[in-house]
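Asks: Take a look at run-v8.txt, compact mmCIF, C-alpha atoms:
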```
# COMPACT_ATOMS: atom_id res chain seq x y z
CA ASP A 1 74.56 -63.42 20.66
CA GLN A 2 77.32 -61.48 22.33
CA GLN A 3 76.67 -57.76 22.05
CA VAL A 4 79.86 -56.69 23.83
CA LYS A 5 83.05 -58.44 22.84
CA GLN A 6 86.49 -58.38 24.37
CA ASN A 7 88.47 -60.47 21.94
CA SER A 8 91.69 -60.62 23.95
CA PRO A 9 91.29 -62.93 26.95
CA SER A 10 94.63 -61.76 28.32
CA LEU A 11 97.27 -59.08 27.95
CA SER A 12 100.74 -58.86 29.45
CA VAL A 13 102.56 -55.52 29.75
CA GLN A 14 105.76 -54.28 31.33
CA GLU A 15 105.53 -51.89 34.25
CA GLY A 16 105.67 -48.27 33.11
CA ARG A 17 104.45 -49.02 29.59
CA ILE A 18 101.00 -48.41 28.14
CA SER A 19 98.23 -50.99 28.46
CA ILE A 20 95.54 -50.89 25.77
CA LEU A 21 92.41 -52.93 26.32
CA ASN A 22 89.92 -53.19 23.48
CA CYS A 23 86.20 -53.70 23.29
CA ASP A 24 83.76 -53.98 20.38
CA TYR A 25 79.99 -53.81 20.46
CA THR A 26 77.26 -54.63 17.99
CA ASN A 27 74.18 -52.90 19.41
CA SER A 28 73.97 -49.39 17.92
CA MET A 29 71.50 -48.42 20.65
CA PHE A 30 74.22 -48.51 23.31
CA ASP A 31 74.90 -44.95 24.39
CA TYR A 32 76.89 -45.29 27.59
CA PHE A 33 80.01 -47.33 28.13
CA LEU A 34 81.93 -48.26 31.25
CA TRP A 35 85.06 -50.06 32.28
CA TYR A 36 85.21 -52.11 35.46
CA LYS A 37 88.21 -53.65 37.14
CA LYS A 38 87.86 -56.89 39.05
CA TYR A 39 90.24 -58.73 41.34
CA PRO A 40 89.72 -62.46 42.05
CA ALA A 41 86.93 -63.17 44.54
CA GLU A 42 85.88 -59.53 44.61
CA GLY A 43 83.16 -57.49 42.95
CA PRO A 44 83.71 -55.24 39.94
CA THR A 45 84.97 -51.76 40.71
CA PHE A 46 83.95 -48.86 38.50
CA LEU A 47 86.90 -47.27 36.69
CA ILE A 48 85.75 -44.85 34.04
CA SER A 49 82.83 -44.24 31.74
CA ILE A 50 82.03 -42.42 28.53
CA SER A 51 78.83 -41.19 26.96
CA SER A 52 78.24 -41.67 23.26
CA ILE A 53 78.28 -37.91 22.74
CA LYS A 54 81.99 -37.90 23.53
CA ASP A 55 84.94 -39.62 21.94
CA LYS A 56 87.37 -39.40 24.84
CA ASN A 57 87.28 -39.28 28.62
CA GLU A 58 90.31 -39.07 30.85
CA ASP A 59 90.78 -39.71 34.55
CA GLY A 60 94.33 -39.75 35.82
CA ARG A 61 96.19 -42.68 34.28
CA PHE A 62 93.03 -44.00 32.62
CA THR A 63 91.67 -42.79 29.29
CA VAL A 64 88.76 -44.27 27.39
CA PHE A 65 88.36 -43.68 23.66
CA LEU A 66 85.13 -44.26 21.79
CA ASN A 67 84.83 -44.72 18.02
CA LYS A 68 81.10 -44.87 17.33
CA SER A 69 81.39 -45.49 13.62
CA ALA A 70 83.55 -48.55 14.28
CA LYS A 71 81.55 -49.53 17.40
CA HIS A 72 84.81 -49.78 19.24
CA LEU A 73 86.18 -48.50 22.50
CA SER A 74 89.49 -48.85 24.22
CA LEU A 75 90.92 -48.26 27.66
CA HIS A 76 94.45 -46.89 27.91
CA ILE A 77 96.40 -47.14 31.14
CA VAL A 78 99.56 -45.05 31.28
CA PRO A 79 101.87 -45.78 32.98
CA SER A 80 100.90 -49.32 33.88
CA GLN A 81 101.60 -50.48 37.43
CA PRO A 82 101.72 -53.99 38.93
CA GLY A 83 98.65 -53.12 41.03
CA ASP A 84 96.70 -52.71 37.79
CA SER A 85 96.89 -56.48 37.27
CA ALA A 86 93.25 -57.60 37.25
CA VAL A 87 90.42 -58.57 34.93
CA TYR A 88 88.97 -55.60 33.07
CA PHE A 89 85.37 -55.69 31.92
CA CYS A 90 83.89 -53.50 29.25
CA ALA A 91 80.17 -52.82 29.72
CA ALA A 92 77.52 -50.95 27.77
CA SER A 93 74.07 -49.58 28.43
CA ASP A 94 71.16 -48.50 26.28
CA ARG A 95 69.75 -45.64 28.34
CA SER A 96 66.92 -44.85 25.98
CA GLY A 97 63.52 -46.14 27.03
CA GLY A 98 64.40 -45.92 30.70
CA SER A 99 66.71 -48.94 30.89
CA ASN A 100 69.67 -46.99 32.15
CA TYR A 101 70.39 -49.60 34.83
CA LYS A 102 70.94 -52.65 32.64
CA LEU A 103 74.54 -53.29 31.72
CA THR A 104 75.75 -55.71 29.07
CA PHE A 105 79.22 -56.96 29.93
CA GLY A 106 82.01 -58.42 27.85
CA LYS A 107 83.82 -61.54 29.02
CA GLY A 108 86.77 -59.59 30.33
CA THR A 109 90.49 -59.26 29.64
CA LEU A 110 93.05 -60.38 32.20
CA LEU A 111 95.77 -57.73 32.40
CA THR A 112 99.10 -58.70 33.92
CA VAL A 113 101.61 -55.93 34.56
CA ASN A 114 105.08 -57.32 35.08
CA PRO A 115 107.53 -55.49 37.36
CA ASN B 1 80.48 -45.83 54.93
CA ALA B 2 80.06 -49.52 54.31
CA GLY B 3 79.79 -50.71 50.74
CA VAL B 4 77.32 -53.18 49.31
CA MET B 5 77.31 -56.17 51.64
CA GLN B 6 76.58 -59.65 50.40
CA ASN B 7 76.31 -62.87 52.35
CA PRO B 8 77.14 -65.60 52.38
CA ARG B 9 80.32 -65.12 50.39
CA HIS B 10 80.47 -68.82 49.61
CA LEU B 11 77.60 -71.28 49.63
CA VAL B 12 77.60 -74.97 48.80
CA ARG B 13 74.31 -76.68 48.09
CA ARG B 14 73.37 -80.16 46.94
CA ARG B 15 71.21 -80.54 43.88
CA GLY B 16 67.56 -79.97 44.76
CA GLN B 17 68.23 -77.75 47.78
CA GLU B 18 67.40 -74.08 48.07
CA ALA B 19 69.92 -71.25 48.00
CA ARG B 20 69.27 -67.84 49.54
CA LEU B 21 71.63 -64.98 48.85
CA ARG B 22 71.34 -61.73 50.75
CA CYS B 23 72.32 -58.21 49.81
CA SER B 24 72.37 -55.06 51.92
CA PRO B 25 72.75 -51.99 49.72
CA MET B 26 74.97 -49.08 50.56
CA LYS B 27 73.53 -46.65 53.07
CA GLY B 28 71.12 -44.30 51.38
CA HIS B 29 70.66 -46.55 48.34
CA SER B 30 67.19 -47.79 47.57
CA HIS B 31 67.85 -49.33 44.15
CA VAL B 32 69.22 -52.87 43.99
CA TYR B 33 70.37 -54.95 41.03
CA TRP B 34 71.41 -58.59 40.80
CA TYR B 35 73.87 -59.92 38.22
CA ARG B 36 75.16 -63.43 37.64
CA GLN B 37 78.56 -64.44 36.34
CA LEU B 38 78.86 -67.97 34.98
CA PRO B 39 82.36 -69.45 34.63
CA GLU B 40 84.35 -67.87 31.80
CA GLU B 41 81.55 -65.38 31.11
CA GLY B 42 80.82 -61.72 31.74
CA LEU B 43 78.24 -60.58 34.24
CA LYS B 44 74.64 -60.83 33.11
CA PHE B 45 71.77 -58.70 34.40
CA MET B 46 69.10 -60.60 36.30
CA VAL B 47 66.76 -58.24 38.13
CA TYR B 48 66.27 -54.66 39.30
CA LEU B 49 64.35 -53.93 42.48
CA GLN B 50 63.31 -50.99 44.56
CA LYS B 51 61.86 -51.31 48.04
CA GLU B 52 58.88 -53.71 47.83
CA ASN B 53 58.85 -53.55 44.03
CA ILE B 54 60.34 -55.58 41.22
CA ILE B 55 61.04 -53.08 38.45
CA ASP B 56 62.62 -55.32 35.82
CA GLU B 57 63.11 -59.08 36.06
CA SER B 58 63.77 -59.65 32.37
CA GLY B 59 67.08 -61.39 33.09
CA MET B 60 65.72 -63.88 35.60
CA PRO B 61 65.28 -67.52 34.58
CA LYS B 62 61.57 -68.26 34.28
CA GLU B 63 61.55 -70.98 36.91
CA ARG B 64 63.10 -71.54 40.32
CA PHE B 65 64.51 -68.01 40.68
CA SER B 66 62.89 -65.20 42.63
CA ALA B 67 64.01 -61.95 44.19
CA GLU B 68 62.63 -59.56 46.75
CA PHE B 69 63.58 -56.32 48.44
CA PRO B 70 61.31 -55.90 51.45
CA LYS B 71 60.56 -52.67 53.23
CA GLU B 72 62.87 -53.75 56.03
CA GLY B 73 65.95 -55.89 55.65
CA PRO B 74 68.18 -56.99 52.81
CA SER B 75 67.32 -57.94 49.29
CA ILE B 76 67.16 -61.69 48.81
CA LEU B 77 67.80 -63.75 45.71
CA ARG B 78 66.25 -67.17 46.12
CA ILE B 79 67.01 -70.20 43.97
CA GLN B 80 64.84 -73.23 44.52
CA GLN B 81 65.80 -76.81 43.62
CA VAL B 82 69.29 -75.83 42.55
CA VAL B 83 71.01 -77.60 39.68
CA ARG B 84 74.69 -77.75 38.76
CA GLY B 85 74.19 -75.07 36.12
CA ASP B 86 73.30 -72.59 38.85
CA SER B 87 76.89 -72.67 40.07
CA ALA B 88 78.09 -69.12 39.55
CA ALA B 89 79.06 -65.89 41.22
CA TYR B 90 76.06 -63.72 42.05
CA PHE B 91 76.72 -60.01 42.37
CA CYS B 92 74.46 -57.46 43.94
CA ALA B 93 74.76 -53.77 43.17
CA SER B 94 73.05 -50.66 44.46
CA SER B 95 72.59 -47.00 43.62
CA PRO B 96 70.92 -43.97 45.20
CA SER B 97 68.70 -43.41 42.18
CA GLN B 98 67.88 -45.39 39.08
CA GLY B 99 70.68 -46.47 36.84
CA TYR B 100 73.48 -44.55 35.24
CA ASN B 101 73.08 -40.86 34.69
CA SER B 102 75.02 -37.75 35.42
CA GLY B 103 76.48 -38.11 38.89
CA ASN B 104 74.95 -41.51 39.60
CA THR B 105 76.93 -44.73 39.55
CA ILE B 106 76.04 -48.28 40.44
CA TYR B 107 78.28 -49.93 43.05
CA PHE B 108 78.84 -53.68 43.19
CA GLY B 109 79.24 -55.92 46.18
CA GLU B 110 81.93 -58.56 46.49
CA GLY B 111 79.69 -61.35 45.32
CA SER B 112 78.32 -64.64 46.57
CA TRP B 113 79.82 -67.80 45.08
CA LEU B 114 77.32 -70.62 44.80
CA THR B 115 78.57 -74.14 44.20
CA VAL B 116 76.06 -76.89 43.52
CA VAL B 117 77.34 -80.40 44.11
```
Written as structure tokens, that's how I'd like the structure from this file.
Replies:
Amino acid sequence: DQQVKQNSPSLSVQEGRISILNCDYTNSMFDYFLWYKKYPAEGPTFLISISSIKDKNEDGRFTVFLNKSAKHLSLHIVPSQPGDSAVYFCAASDRSGGSNYKLTFGKGTLLTVNP
Amino acid sequence: NAGVMQNPRHLVRRRGQEARLRCSPMKGHSHVYWYRQLPEEGLKFMVYLQKENIIDESGMPKERFSAEFPKEGPSILRIQQVVRGDSAAYFCASSPSQGYNSGNTIYFGEGSWLTVV
């Protein structure tokens, strides 16, 4: 039972354009969401997060949108750069009950930004 | 300020052997987490430890897997009698206090890739 789903295994975008990565979740108890970026043979690197009390969080070129009613979040990268090419993981946490350390990850989306 | 250090980066074991993966958290971090990534999958939580204590091992397989974080030295994930299905990337992460909250983030190491032949 996959509680965090990234339905697009891959995405290809032209440099300078917008990249939109999508993520859906099924567990309504999730209240904190994160995006991680991962290069081959390296560990995940934290990008941006959002609490369920917000619907948008922005950090430079990265913006995360959360639609709680649809149980959907998305990561927007504008403008996309070739160095953004990596696997992006969506992750979620249910922080109630003290389990604020346990992340549930999606399978990832491979983003390729073409020069 | 060194990040989370994991070793070995790559480990090859024959079926039935033991695998030991080590993790040194970032300086000042006393909370350690282990995750496993099977091929074509996302990372899955295994265990959360503080110094000399296992806080949550709900993601650990019931047999052959154990983890420790001694008072001195790195955290160790131990897999006994490895099987081919144990082949995966094992990621360690650390944080200065428990979990995700305002101002606190969990940082991942570069991973240890275990191949069982």
Asks: Do a neighbour search on stretch 53-58 of chain B at 8 Å with all atoms listed in the file, toss out local chain neighbours closer than 3 positions, and write the hits as a PyMOL selection string.
Replies: chain B and resi 46-50+67-69
Asks: Using only C-alpha atoms, what residues lie at most 12 Å away from (68.8, -77.4, 50.9) (file coordinates), given as a ChimeraX atom specification?
Replies: /B:11-20,78-83,116-117
Asks: Could you please determine the separation between atom CA of B:Val4 and atom CA of B:Val32 in Å, to one decimal place?
Replies: 9.7 Å
Asks: Residues of chain A were defined as contacting chain B if any atom lay at most 8 Å from it, counting only C-alpha atoms; please report them as a list in words.
Replies: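 In the required form, that comes to Ala41, Glu42, Gly43, Pro44, Thr45, Phe46, Phe89, Arg95, Ser99, Asn100, Tyr101, Lys102, Leu103, Thr104, Phe105, Gly106, Lys107 and Gly108 of chain A.
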Asks: As a ChimeraX atom specification, please: the residues near A:Leu73 (cut-off 8 Å, only C-alpha atoms, same-chain neighbours under 6 positions excluded).
Replies: /A:22-24,64-67
Asks: Go ahead and compute the interatomic distance for atom CA of A:Ser51 and atom CA of A:Ile18, in Å to one decimal.
Replies: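 Straight-line distance from atom CA of A:Ser51 to atom CA of A:Ile18 works out to 23.3 Å.
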Asks: Please provide as a PyMOL selection string all residues within 6 Å of A:Phe33, with the sequence filter that same-chain residues fewer than 3 positions apart are discarded (counting only C-alpha atoms).
Replies: chain A and resi 49-50+91-92
